[in-house]
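Data first, discussion second: the structure below is written as structure tokens.
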Amino acid sequence: MATNGKAGNIVWHKSSVDKVHRQELLQQKGCVIWITGLSGSGKSTLACALCHALYSKGKLTYILDGDNVRHGLNRDLTFKAEDRAENIRRIGEVAKLFVDAGVICIVSVISPYRRDRDACRALVPDGDFIEVFMDVPIEICEARDPKGLYKLARAGKIKGFTGIDDPYEPPLNCELALPPKGNSCASPCEMAETVISYLEEKGYLHA
């Protein structure tokens with residue numbers, strides 16, 4: 001019996017089919033590809049391009065997009081600091097389950113605070129958390145402003161907006177950083193291939 005969080009008298013039940021078996025079945029290794037960056041940096045676009053490219057290679061992925069999870073799992077959370085931390089914690093726990101299932105889990109979420117990203121990294125085995133930093137300056141993100149959020153934040157209609165009146169803490173030791181090329185960014189397909197090359201090099205696309 002164990003106590004974990006607010007629950008007591010709980011027992012972890014093991015299965016005769018484990019992560020290794022599932023990875024052999026899928027012919028891949030479960031991992032988290034955690035895409036972080038400012039709003040408008042291209043996180044969701046990269047996630048979709050990466051998902052499509054891996055699908056074409058016969059690899060099973062699932063995207064946990066920051067906006068999408070707030071439609072269901074995290075719809076009870078606000079954008080206050082404590083709720084943002086809980087939002088990332090829940091996403092990290094779900095990503096952990098996907099890793100155990102042998103799935104390549106692509107997380108696309110601003111996740112502005114290092115401590116929250118590091119806590120998610122600690123949930124999975126060493127090497128199974130691949131942090132991808134969309135290293136796009138706020139000037140480019142604000143010029144894109146695909147959702148019109150920067151405009152609202154500048155007008156004071158959104159409070160605590162990352163990059164405007166709330167900080168974004170860039171990764172210090174991420175696995176991959178994807179900066180723009182001069183005044184433009186690489187295409188989503190090019191960025192996806194960069195990530196895939198990393199996965200191939202590290203052996204994640206084989207059991």
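We label chains A, B, ... in the order they appear in the structure tokens, count residues from 1 in each chain, and number ligands from 1 in the order shown.
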
Would you give me, as CSV, each residue of stretch 102-181 of chain A having an atom within 10 Å of an atom of stretch 73-79 of chain A, along with its shortest atom pair and that distance in Å to one decimal, using only C-alpha atoms and sorting by chain and residue number?
residue,atom,partner,partner_atom,distance
A:Lys159,CA,A:Phe79,CA,9.1
A:Gly160,CA,A:Phe79,CA,7.7
A:Phe161,CA,A:Phe79,CA,8.7

Output for the residues just chosen: N, CA and C atoms as a short mmCIF file (atom, residue, chain, number, x, y, z; two decimals), in the first residue's frame:
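The file below, out17.cif, is the result:
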data_model
loop_
_atom_site.label_atom_id
_atom_site.label_comp_id
_atom_site.auth_asym_id
_atom_site.auth_seq_id
_atom_site.Cartn_x
_atom_site.Cartn_y
_atom_site.Cartn_z
N LYS A 159 -4.31 39.81 -19.78
CA LYS A 159 -3.31 40.01 -18.75
C LYS A 159 -2.47 38.75 -18.58
N GLY A 160 -1.21 38.92 -18.22
CA GLY A 160 -0.33 37.78 -17.99
C GLY A 160 0.01 37.03 -19.26
N PHE A 161 0.15 37.76 -20.38
CA PHE A 161 0.43 37.11 -21.66
C PHE A 161 1.94 36.90 -21.80
#

Per-residue nearest contacts of stretch 53-165 of chain A to stretch 22-29 of chain A (8 Å; only C-alpha atoms) as CSV:
residue,atom,partner,partner_atom,distance
A:Lys59,CA,A:Gln28,CA,7.0
A:Leu60,CA,A:Leu26,CA,7.4
A:Val99,CA,A:Lys29,CA,7.9
A:Ala101,CA,A:Arg22,CA,6.3
A:Gly102,CA,A:Gln23,CA,4.9
A:Val103,CA,A:Lys29,CA,7.0
A:Ile104,CA,A:Lys29,CA,7.2

Write the residues of the preceding selection, restricted to N, CA and C atoms, as a PDB file, in the first residue's frame.
ATOM      1  N   LYS A  59       5.265   5.345 -38.446  1.00  0.00           N
ATOM      2  CA  LYS A  59       5.472   5.502 -37.012  1.00  0.00           C
ATOM      3  C   LYS A  59       4.235   6.107 -36.354  1.00  0.00           C
ATOM      4  N   LEU A  60       3.922   5.593 -35.165  1.00  0.00           N
ATOM      5  CA  LEU A  60       2.728   6.022 -34.445  1.00  0.00           C
ATOM      6  C   LEU A  60       3.055   7.184 -33.515  1.00  0.00           C
ATOM      7  N   VAL A  99       4.516   7.530 -23.580  1.00  0.00           N
ATOM      8  CA  VAL A  99       5.865   6.961 -23.671  1.00  0.00           C
ATOM      9  C   VAL A  99       5.839   5.503 -23.248  1.00  0.00           C
ATOM     10  N   ALA A 101       3.430   3.547 -23.471  1.00  0.00           N
ATOM     11  CA  ALA A 101       2.700   2.794 -24.490  1.00  0.00           C
ATOM     12  C   ALA A 101       3.541   2.562 -25.741  1.00  0.00           C
ATOM     13  N   GLY A 102       4.734   3.174 -25.796  1.00  0.00           N
ATOM     14  CA  GLY A 102       5.593   3.026 -26.967  1.00  0.00           C
ATOM     15  C   GLY A 102       5.312   4.030 -28.060  1.00  0.00           C
ATOM     16  N   VAL A 103       4.498   5.021 -27.763  1.00  0.00           N
ATOM     17  CA  VAL A 103       4.099   6.022 -28.750  1.00  0.00           C
ATOM     18  C   VAL A 103       5.059   7.214 -28.698  1.00  0.00           C
ATOM     19  N   ILE A 104       5.304   7.823 -29.850  1.00  0.00           N
ATOM     20  CA  ILE A 104       6.062   9.069 -29.914  1.00  0.00           C
ATOM     21  C   ILE A 104       5.080  10.200 -29.666  1.00  0.00           C
TER      22      ILE A 104
END

Per-residue DSSP, stretch 37-86 of chain A, filtered to strand (DSSP E), as an mmCIF file with C-alpha atoms, in the first residue's frame:
data_model
loop_
_atom_site.group_PDB
_atom_site.id
_atom_site.type_symbol
_atom_site.label_atom_id
_atom_site.label_comp_id
_atom_site.auth_asym_id
_atom_site.auth_seq_id
_atom_site.Cartn_x
_atom_site.Cartn_y
_atom_site.Cartn_z
ATOM 1 C CA THR A 61 2.535 9.464 -32.870
ATOM 2 C CA TYR A 62 0.054 11.535 -30.927
ATOM 3 C CA ILE A 63 -0.024 15.320 -30.525
ATOM 4 C CA LEU A 64 -0.879 16.966 -27.213
ATOM 5 C CA ASP A 65 -1.521 20.540 -28.296
#

- When distances are computed from only C-alpha atoms, which of A:Asp67, A:Glu131, A:Asp100, A:Glu142 shows the smallest separation from A:Leu178?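 Of A:Asp67, A:Glu131, A:Asp100, A:Glu142, the one nearest A:Leu178, counting only C-alpha atoms, is A:Glu131.
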
- Message: I want to know what sits within 8 Å of A:Asp116, based on only C-alpha atoms, with residues of the same chain fewer than 5 positions away left out; could you give that as a VMD selection string?
- Response: chain A and resid 85 88 to 89 111

Write the residues you've just listed into a file as a JSON list (two decimals), in the first residue's frame, and include N, CA, C and O atoms for each of them.
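Generated file (again-v5.json):
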[["chain", "number", "residue", "atom", "x", "y", "z"],
["A", 85, "ALA", "N", 0.93, 25.96, -14.15],
["A", 85, "ALA", "CA", 1.78, 24.88, -13.65],
["A", 85, "ALA", "C", 1.01, 23.56, -13.65],
["A", 85, "ALA", "O", 1.55, 22.52, -14.04],
["A", 88, "ILE", "N", 0.62, 22.16, -17.23],
["A", 88, "ILE", "CA", 1.82, 21.48, -17.72],
["A", 88, "ILE", "C", 2.01, 20.15, -16.99],
["A", 88, "ILE", "O", 2.41, 19.15, -17.60],
["A", 89, "ARG", "N", 1.74, 20.12, -15.69],
["A", 89, "ARG", "CA", 1.88, 18.86, -14.95],
["A", 89, "ARG", "C", 0.99, 17.77, -15.53],
["A", 89, "ARG", "O", 1.42, 16.64, -15.74],
["A", 111, "SER", "N", 4.53, 26.43, -22.42],
["A", 111, "SER", "CA", 5.29, 25.99, -21.23],
["A", 111, "SER", "C", 6.41, 26.97, -20.90],
["A", 111, "SER", "O", 7.59, 26.65, -21.06]]

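Taking atom CA of A:Leu149 and atom CA of A:Val132 as endpoints, the distance between them is 22.9 Å.
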
- Hey, what's within 10 Å of A:Glu193 if we count only C-alpha atoms and toss same-chain stuff fewer than 5 positions away? As number ranges by chain, please? A: 49-50, 53-54, 187-188, 198-199

With N, CA and C atoms kept, could you save the residues just selected as a PDB file, in the first residue's frame?
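File written: out03.pdb
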ATOM      1  N   ALA A  49       3.436  18.945 -38.891  1.00  0.00           N
ATOM      2  CA  ALA A  49       4.349  18.511 -39.953  1.00  0.00           C
ATOM      3  C   ALA A  49       5.130  17.287 -39.515  1.00  0.00           C
ATOM      4  N   LEU A  50       5.560  17.274 -38.268  1.00  0.00           N
ATOM      5  CA  LEU A  50       6.312  16.142 -37.735  1.00  0.00           C
ATOM      6  C   LEU A  50       5.446  14.894 -37.649  1.00  0.00           C
ATOM      7  N   ALA A  53       5.014  13.559 -41.179  1.00  0.00           N
ATOM      8  CA  ALA A  53       6.240  12.953 -41.698  1.00  0.00           C
ATOM      9  C   ALA A  53       6.506  11.593 -41.053  1.00  0.00           C
ATOM     10  N   LEU A  54       6.271  11.480 -39.757  1.00  0.00           N
ATOM     11  CA  LEU A  54       6.481  10.201 -39.081  1.00  0.00           C
ATOM     12  C   LEU A  54       5.421   9.180 -39.476  1.00  0.00           C
ATOM     13  N   SER A 187      11.107  26.032 -43.340  1.00  0.00           N
ATOM     14  CA  SER A 187       9.753  25.533 -43.574  1.00  0.00           C
ATOM     15  C   SER A 187       9.419  24.464 -42.544  1.00  0.00           C
ATOM     16  N   PRO A 188       8.136  24.236 -42.277  1.00  0.00           N
ATOM     17  CA  PRO A 188       7.753  23.185 -41.331  1.00  0.00           C
ATOM     18  C   PRO A 188       8.333  21.823 -41.703  1.00  0.00           C
ATOM     19  N   TYR A 198      17.292  13.640 -35.716  1.00  0.00           N
ATOM     20  CA  TYR A 198      17.689  13.427 -34.320  1.00  0.00           C
ATOM     21  C   TYR A 198      17.124  12.103 -33.804  1.00  0.00           C
ATOM     22  N   LEU A 199      15.862  11.838 -34.096  1.00  0.00           N
ATOM     23  CA  LEU A 199      15.235  10.587 -33.648  1.00  0.00           C
ATOM     24  C   LEU A 199      15.940   9.380 -34.243  1.00  0.00           C
TER      25      LEU A 199
END

- Item | Straight-line distance linking atom CA of A:Pro146 with atom CA of A:Ile158, stated in Å to one decimal |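 So the answer is 15.5 Å.
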
- Which is closest to A:Arg114 among A:Cys31, A:Pro167, A:Ala186, A:Ser56, if we use only C-alpha atoms? A:Pro167

- Quote the spacing between atom CA of A:Phe129 and atom CA of A:Arg117 in Å to one decimal place. 9.9 Å

When DSSP works through the backbone of this structure, what residues of chain A end up as alpha helix (DSSP H), shown as an mmCIF file with N, CA and C atoms, in the first residue's frame?
data_model
loop_
_atom_site.group_PDB
_atom_site.id
_atom_site.type_symbol
_atom_site.label_atom_id
_atom_site.label_comp_id
_atom_site.auth_asym_id
_atom_site.auth_seq_id
_atom_site.Cartn_x
_atom_site.Cartn_y
_atom_site.Cartn_z
ATOM 1 N N LYS A 19 6.375 -2.069 -21.569
ATOM 2 C CA LYS A 19 6.828 -1.096 -22.561
ATOM 3 C C LYS A 19 7.673 -1.737 -23.656
ATOM 4 N N VAL A 20 8.557 -2.626 -23.279
ATOM 5 C CA VAL A 20 9.428 -3.277 -24.270
ATOM 6 C C VAL A 20 8.605 -4.059 -25.289
ATOM 7 N N HIS A 21 7.583 -4.783 -24.828
ATOM 8 C CA HIS A 21 6.721 -5.536 -25.736
ATOM 9 C C HIS A 21 5.990 -4.598 -26.699
ATOM 10 N N ARG A 22 5.485 -3.497 -26.166
ATOM 11 C CA ARG A 22 4.744 -2.561 -27.014
ATOM 12 C C ARG A 22 5.660 -1.904 -28.049
ATOM 13 N N GLN A 23 6.875 -1.612 -27.654
ATOM 14 C CA GLN A 23 7.825 -1.025 -28.594
ATOM 15 C C GLN A 23 8.186 -2.011 -29.693
ATOM 16 N N GLU A 24 8.329 -3.269 -29.348
ATOM 17 C CA GLU A 24 8.610 -4.294 -30.358
ATOM 18 C C GLU A 24 7.445 -4.417 -31.337
ATOM 19 N N LEU A 25 6.238 -4.321 -30.818
ATOM 20 C CA LEU A 25 5.053 -4.400 -31.662
ATOM 21 C C LEU A 25 5.006 -3.227 -32.643
ATOM 22 N N LEU A 26 5.330 -2.039 -32.155
ATOM 23 C CA LEU A 26 5.250 -0.827 -32.966
ATOM 24 C C LEU A 26 6.508 -0.563 -33.786
ATOM 25 N N LYS A 43 4.947 26.313 -33.073
ATOM 26 C CA LYS A 43 4.941 25.031 -32.357
ATOM 27 C C LYS A 43 3.934 24.052 -32.945
ATOM 28 N N SER A 44 2.696 24.486 -33.075
ATOM 29 C CA SER A 44 1.646 23.595 -33.582
ATOM 30 C C SER A 44 1.887 23.219 -35.039
ATOM 31 N N THR A 45 2.404 24.168 -35.806
ATOM 32 C CA THR A 45 2.696 23.891 -37.218
ATOM 33 C C THR A 45 3.767 22.820 -37.337
ATOM 34 N N LEU A 46 4.826 22.938 -36.524
ATOM 35 C CA LEU A 46 5.875 21.913 -36.524
ATOM 36 C C LEU A 46 5.319 20.575 -36.061
ATOM 37 N N ALA A 47 4.502 20.598 -35.012
ATOM 38 C CA ALA A 47 3.937 19.351 -34.483
ATOM 39 C C ALA A 47 3.165 18.598 -35.561
ATOM 40 N N CYS A 48 2.340 19.315 -36.311
ATOM 41 C CA CYS A 48 1.547 18.678 -37.372
ATOM 42 C C CYS A 48 2.436 18.162 -38.500
ATOM 43 N N ALA A 49 3.436 18.945 -38.891
ATOM 44 C CA ALA A 49 4.349 18.511 -39.953
ATOM 45 C C ALA A 49 5.130 17.287 -39.515
ATOM 46 N N LEU A 50 5.560 17.274 -38.268
ATOM 47 C CA LEU A 50 6.312 16.142 -37.735
ATOM 48 C C LEU A 50 5.446 14.894 -37.649
ATOM 49 N N CYS A 51 4.217 15.070 -37.191
ATOM 50 C CA CYS A 51 3.279 13.947 -37.107
ATOM 51 C C CYS A 51 3.055 13.332 -38.486
ATOM 52 N N HIS A 52 2.852 14.173 -39.482
ATOM 53 C CA HIS A 52 2.607 13.691 -40.844
ATOM 54 C C HIS A 52 3.834 12.977 -41.403
ATOM 55 N N ALA A 53 5.014 13.559 -41.179
ATOM 56 C CA ALA A 53 6.240 12.953 -41.698
ATOM 57 C C ALA A 53 6.506 11.593 -41.053
ATOM 58 N N LEU A 54 6.271 11.480 -39.757
ATOM 59 C CA LEU A 54 6.481 10.201 -39.081
ATOM 60 C C LEU A 54 5.421 9.180 -39.476
ATOM 61 N N TYR A 55 4.206 9.645 -39.673
ATOM 62 C CA TYR A 55 3.141 8.748 -40.152
ATOM 63 C C TYR A 55 3.518 8.147 -41.503
ATOM 64 N N SER A 56 4.097 8.968 -42.368
ATOM 65 C CA SER A 56 4.496 8.474 -43.690
ATOM 66 C C SER A 56 5.606 7.431 -43.594
ATOM 67 N N GLY A 66 -1.403 22.450 -26.814
ATOM 68 C CA GLY A 66 -1.799 23.253 -25.662
ATOM 69 C C GLY A 66 -3.242 23.714 -25.701
ATOM 70 N N ASP A 67 -3.698 24.185 -26.854
ATOM 71 C CA ASP A 67 -5.092 24.622 -26.968
ATOM 72 C C ASP A 67 -6.049 23.440 -26.916
ATOM 73 N N ASN A 68 -5.677 22.356 -27.568
ATOM 74 C CA ASN A 68 -6.576 21.198 -27.643
ATOM 75 C C ASN A 68 -6.861 20.593 -26.267
ATOM 76 N N VAL A 69 -5.828 20.466 -25.430
ATOM 77 C CA VAL A 69 -6.063 19.843 -24.120
ATOM 78 C C VAL A 69 -6.920 20.729 -23.225
ATOM 79 N N ALA A 81 -0.822 31.706 -12.827
ATOM 80 C CA ALA A 81 0.451 30.985 -12.686
ATOM 81 C C ALA A 81 0.264 29.577 -12.128
ATOM 82 N N GLU A 82 -0.559 29.447 -11.088
ATOM 83 C CA GLU A 82 -0.731 28.127 -10.478
ATOM 84 C C GLU A 82 -1.464 27.164 -11.411
ATOM 85 N N ASP A 83 -2.409 27.693 -12.188
ATOM 86 C CA ASP A 83 -3.129 26.849 -13.136
ATOM 87 C C ASP A 83 -2.255 26.496 -14.329
ATOM 88 N N ARG A 84 -1.385 27.398 -14.723
ATOM 89 C CA ARG A 84 -0.439 27.087 -15.804
ATOM 90 C C ARG A 84 0.471 25.932 -15.396
ATOM 91 N N ALA A 85 0.930 25.963 -14.147
ATOM 92 C CA ALA A 85 1.778 24.884 -13.648
ATOM 93 C C ALA A 85 1.012 23.563 -13.646
ATOM 94 N N GLU A 86 -0.238 23.585 -13.221
ATOM 95 C CA GLU A 86 -1.052 22.365 -13.205
ATOM 96 C C GLU A 86 -1.343 21.887 -14.627
ATOM 97 N N ASN A 87 -1.551 22.828 -15.548
ATOM 98 C CA ASN A 87 -1.768 22.487 -16.945
ATOM 99 C C ASN A 87 -0.581 21.684 -17.493
ATOM 100 N N ILE A 88 0.621 22.164 -17.234
ATOM 101 C CA ILE A 88 1.818 21.480 -17.718
ATOM 102 C C ILE A 88 2.011 20.154 -16.990
ATOM 103 N N ARG A 89 1.738 20.116 -15.693
ATOM 104 C CA ARG A 89 1.881 18.860 -14.945
ATOM 105 C C ARG A 89 0.989 17.775 -15.530
ATOM 106 N N ARG A 90 -0.256 18.112 -15.810
ATOM 107 C CA ARG A 90 -1.185 17.117 -16.371
ATOM 108 C C ARG A 90 -0.729 16.654 -17.749
ATOM 109 N N ILE A 91 -0.298 17.606 -18.574
ATOM 110 C CA ILE A 91 0.185 17.233 -19.905
ATOM 111 C C ILE A 91 1.387 16.304 -19.779
ATOM 112 N N GLY A 92 2.284 16.619 -18.853
ATOM 113 C CA GLY A 92 3.449 15.764 -18.639
ATOM 114 C C GLY A 92 3.073 14.360 -18.212
ATOM 115 N N GLU A 93 2.075 14.234 -17.351
ATOM 116 C CA GLU A 93 1.649 12.906 -16.892
ATOM 117 C C GLU A 93 1.015 12.100 -18.033
ATOM 118 N N VAL A 94 0.242 12.775 -18.887
ATOM 119 C CA VAL A 94 -0.342 12.082 -20.037
ATOM 120 C C VAL A 94 0.756 11.668 -21.014
ATOM 121 N N ALA A 95 1.714 12.569 -21.237
ATOM 122 C CA ALA A 95 2.830 12.240 -22.127
ATOM 123 C C ALA A 95 3.599 11.027 -21.604
ATOM 124 N N LYS A 96 3.762 10.958 -20.300
ATOM 125 C CA LYS A 96 4.438 9.809 -19.677
ATOM 126 C C LYS A 96 3.729 8.502 -20.018
ATOM 127 N N LEU A 97 2.403 8.513 -20.013
ATOM 128 C CA LEU A 97 1.639 7.310 -20.355
ATOM 129 C C LEU A 97 1.849 6.929 -21.815
ATOM 130 N N PHE A 98 1.890 7.929 -22.702
ATOM 131 C CA PHE A 98 2.137 7.637 -24.107
ATOM 132 C C PHE A 98 3.521 7.016 -24.297
ATOM 133 N N VAL A 99 4.516 7.530 -23.580
ATOM 134 C CA VAL A 99 5.865 6.961 -23.671
ATOM 135 C C VAL A 99 5.839 5.503 -23.248
ATOM 136 N N ASP A 100 5.150 5.217 -22.165
ATOM 137 C CA ASP A 100 5.063 3.834 -21.687
ATOM 138 C C ASP A 100 4.332 2.954 -22.683
ATOM 139 N N ARG A 114 10.878 27.096 -16.876
ATOM 140 C CA ARG A 114 11.825 25.981 -16.923
ATOM 141 C C ARG A 114 11.490 24.905 -15.886
ATOM 142 N N ARG A 115 11.101 25.348 -14.684
ATOM 143 C CA ARG A 115 10.861 24.369 -13.626
ATOM 144 C C ARG A 115 9.749 23.392 -14.015
ATOM 145 N N ASP A 116 8.739 23.884 -14.726
ATOM 146 C CA ASP A 116 7.638 23.017 -15.131
ATOM 147 C C ASP A 116 8.077 22.051 -16.220
ATOM 148 N N ARG A 117 8.869 22.534 -17.187
ATOM 149 C CA ARG A 117 9.374 21.654 -18.230
ATOM 150 C C ARG A 117 10.322 20.615 -17.639
ATOM 151 N N ASP A 118 11.169 21.051 -16.706
ATOM 152 C CA ASP A 118 12.113 20.118 -16.077
ATOM 153 C C ASP A 118 11.378 19.054 -15.269
ATOM 154 N N ALA A 119 10.268 19.440 -14.642
ATOM 155 C CA ALA A 119 9.478 18.467 -13.880
ATOM 156 C C ALA A 119 8.896 17.398 -14.809
ATOM 157 N N CYS A 120 8.486 17.804 -16.009
ATOM 158 C CA CYS A 120 7.968 16.843 -16.981
ATOM 159 C C CYS A 120 9.082 15.939 -17.499
ATOM 160 N N ARG A 121 10.252 16.505 -17.706
ATOM 161 C CA ARG A 121 11.401 15.704 -18.133
ATOM 162 C C ARG A 121 11.694 14.604 -17.113
ATOM 163 N N ILE A 138 10.452 37.475 -30.358
ATOM 164 C CA ILE A 138 9.085 37.944 -30.161
ATOM 165 C C ILE A 138 8.647 38.882 -31.286
ATOM 166 N N GLU A 139 9.594 39.609 -31.890
ATOM 167 C CA GLU A 139 9.237 40.519 -32.972
ATOM 168 C C GLU A 139 8.605 39.768 -34.142
ATOM 169 N N ILE A 140 9.159 38.595 -34.457
ATOM 170 C CA ILE A 140 8.613 37.778 -35.543
ATOM 171 C C ILE A 140 7.272 37.182 -35.124
ATOM 172 N N CYS A 141 7.208 36.684 -33.884
ATOM 173 C CA CYS A 141 5.959 36.082 -33.392
ATOM 174 C C CYS A 141 4.829 37.113 -33.378
ATOM 175 N N GLU A 142 5.160 38.320 -32.940
ATOM 176 C CA GLU A 142 4.137 39.363 -32.852
ATOM 177 C C GLU A 142 3.710 39.831 -34.234
ATOM 178 N N ALA A 143 4.636 39.819 -35.177
ATOM 179 C CA ALA A 143 4.284 40.204 -36.546
ATOM 180 C C ALA A 143 3.345 39.177 -37.166
ATOM 181 N N ARG A 144 3.541 37.920 -36.816
ATOM 182 C CA ARG A 144 2.641 36.868 -37.317
ATOM 183 C C ARG A 144 1.280 36.980 -36.634
ATOM 184 N N LEU A 149 -3.605 37.503 -30.537
ATOM 185 C CA LEU A 149 -3.453 37.597 -29.088
ATOM 186 C C LEU A 149 -2.478 38.699 -28.671
ATOM 187 N N TYR A 150 -1.429 38.890 -29.454
ATOM 188 C CA TYR A 150 -0.482 39.958 -29.109
ATOM 189 C C TYR A 150 -1.172 41.321 -29.167
ATOM 190 N N LYS A 151 -1.992 41.498 -30.161
ATOM 191 C CA LYS A 151 -2.720 42.764 -30.296
ATOM 192 C C LYS A 151 -3.601 43.008 -29.077
ATOM 193 N N LEU A 152 -4.274 41.955 -28.622
ATOM 194 C CA LEU A 152 -5.129 42.079 -27.441
ATOM 195 C C LEU A 152 -4.298 42.348 -26.191
ATOM 196 N N ALA A 153 -3.139 41.658 -26.101
ATOM 197 C CA ALA A 153 -2.271 41.846 -24.933
ATOM 198 C C ALA A 153 -1.712 43.267 -24.898
ATOM 199 N N ARG A 154 -1.303 43.792 -26.053
ATOM 200 C CA ARG A 154 -0.775 45.159 -26.117
ATOM 201 C C ARG A 154 -1.851 46.187 -25.752
ATOM 202 N N PRO A 188 8.136 24.236 -42.277
ATOM 203 C CA PRO A 188 7.753 23.185 -41.331
ATOM 204 C C PRO A 188 8.333 21.823 -41.703
ATOM 205 N N CYS A 189 8.371 21.513 -43.003
ATOM 206 C CA CYS A 189 8.922 20.225 -43.439
ATOM 207 C C CYS A 189 10.406 20.129 -43.135
ATOM 208 N N GLU A 190 11.127 21.232 -43.329
ATOM 209 C CA GLU A 190 12.563 21.242 -43.028
ATOM 210 C C GLU A 190 12.799 21.042 -41.537
ATOM 211 N N MET A 191 12.016 21.718 -40.721
ATOM 212 C CA MET A 191 12.168 21.571 -39.273
ATOM 213 C C MET A 191 11.807 20.159 -38.825
ATOM 214 N N ALA A 192 10.757 19.600 -39.419
ATOM 215 C CA ALA A 192 10.363 18.233 -39.087
ATOM 216 C C ALA A 192 11.485 17.257 -39.417
ATOM 217 N N GLU A 193 12.144 17.457 -40.547
ATOM 218 C CA GLU A 193 13.243 16.570 -40.938
ATOM 219 C C GLU A 193 14.417 16.694 -39.974
ATOM 220 N N THR A 194 14.634 17.887 -39.427
ATOM 221 C CA THR A 194 15.687 18.061 -38.428
ATOM 222 C C THR A 194 15.392 17.225 -37.195
ATOM 223 N N VAL A 195 14.143 17.249 -36.747
ATOM 224 C CA VAL A 195 13.753 16.453 -35.583
ATOM 225 C C VAL A 195 13.852 14.964 -35.897
ATOM 226 N N ILE A 196 13.396 14.568 -37.072
ATOM 227 C CA ILE A 196 13.436 13.158 -37.453
ATOM 228 C C ILE A 196 14.877 12.659 -37.524
ATOM 229 N N SER A 197 15.777 13.484 -38.027
ATOM 230 C CA SER A 197 17.195 13.099 -38.074
ATOM 231 C C SER A 197 17.719 12.831 -36.667
ATOM 232 N N TYR A 198 17.292 13.640 -35.716
ATOM 233 C CA TYR A 198 17.689 13.427 -34.320
ATOM 234 C C TYR A 198 17.124 12.103 -33.804
ATOM 235 N N LEU A 199 15.862 11.838 -34.096
ATOM 236 C CA LEU A 199 15.235 10.587 -33.648
ATOM 237 C C LEU A 199 15.940 9.380 -34.243
ATOM 238 N N GLU A 200 16.286 9.462 -35.506
ATOM 239 C CA GLU A 200 16.988 8.354 -36.162
ATOM 240 C C GLU A 200 18.358 8.146 -35.538
ATOM 241 N N GLU A 201 19.054 9.249 -35.299
ATOM 242 C CA GLU A 201 20.392 9.169 -34.707
ATOM 243 C C GLU A 201 20.361 8.521 -33.326
ATOM 244 N N LYS A 202 19.313 8.813 -32.564
ATOM 245 C CA LYS A 202 19.198 8.293 -31.202
ATOM 246 C C LYS A 202 18.486 6.943 -31.137
#

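Of the listed residues (A:Asp165, A:Glu175, A:Asp145, A:Asp126), A:Asp145 comes nearest to A:Gly40; the distances count only C-alpha atoms.
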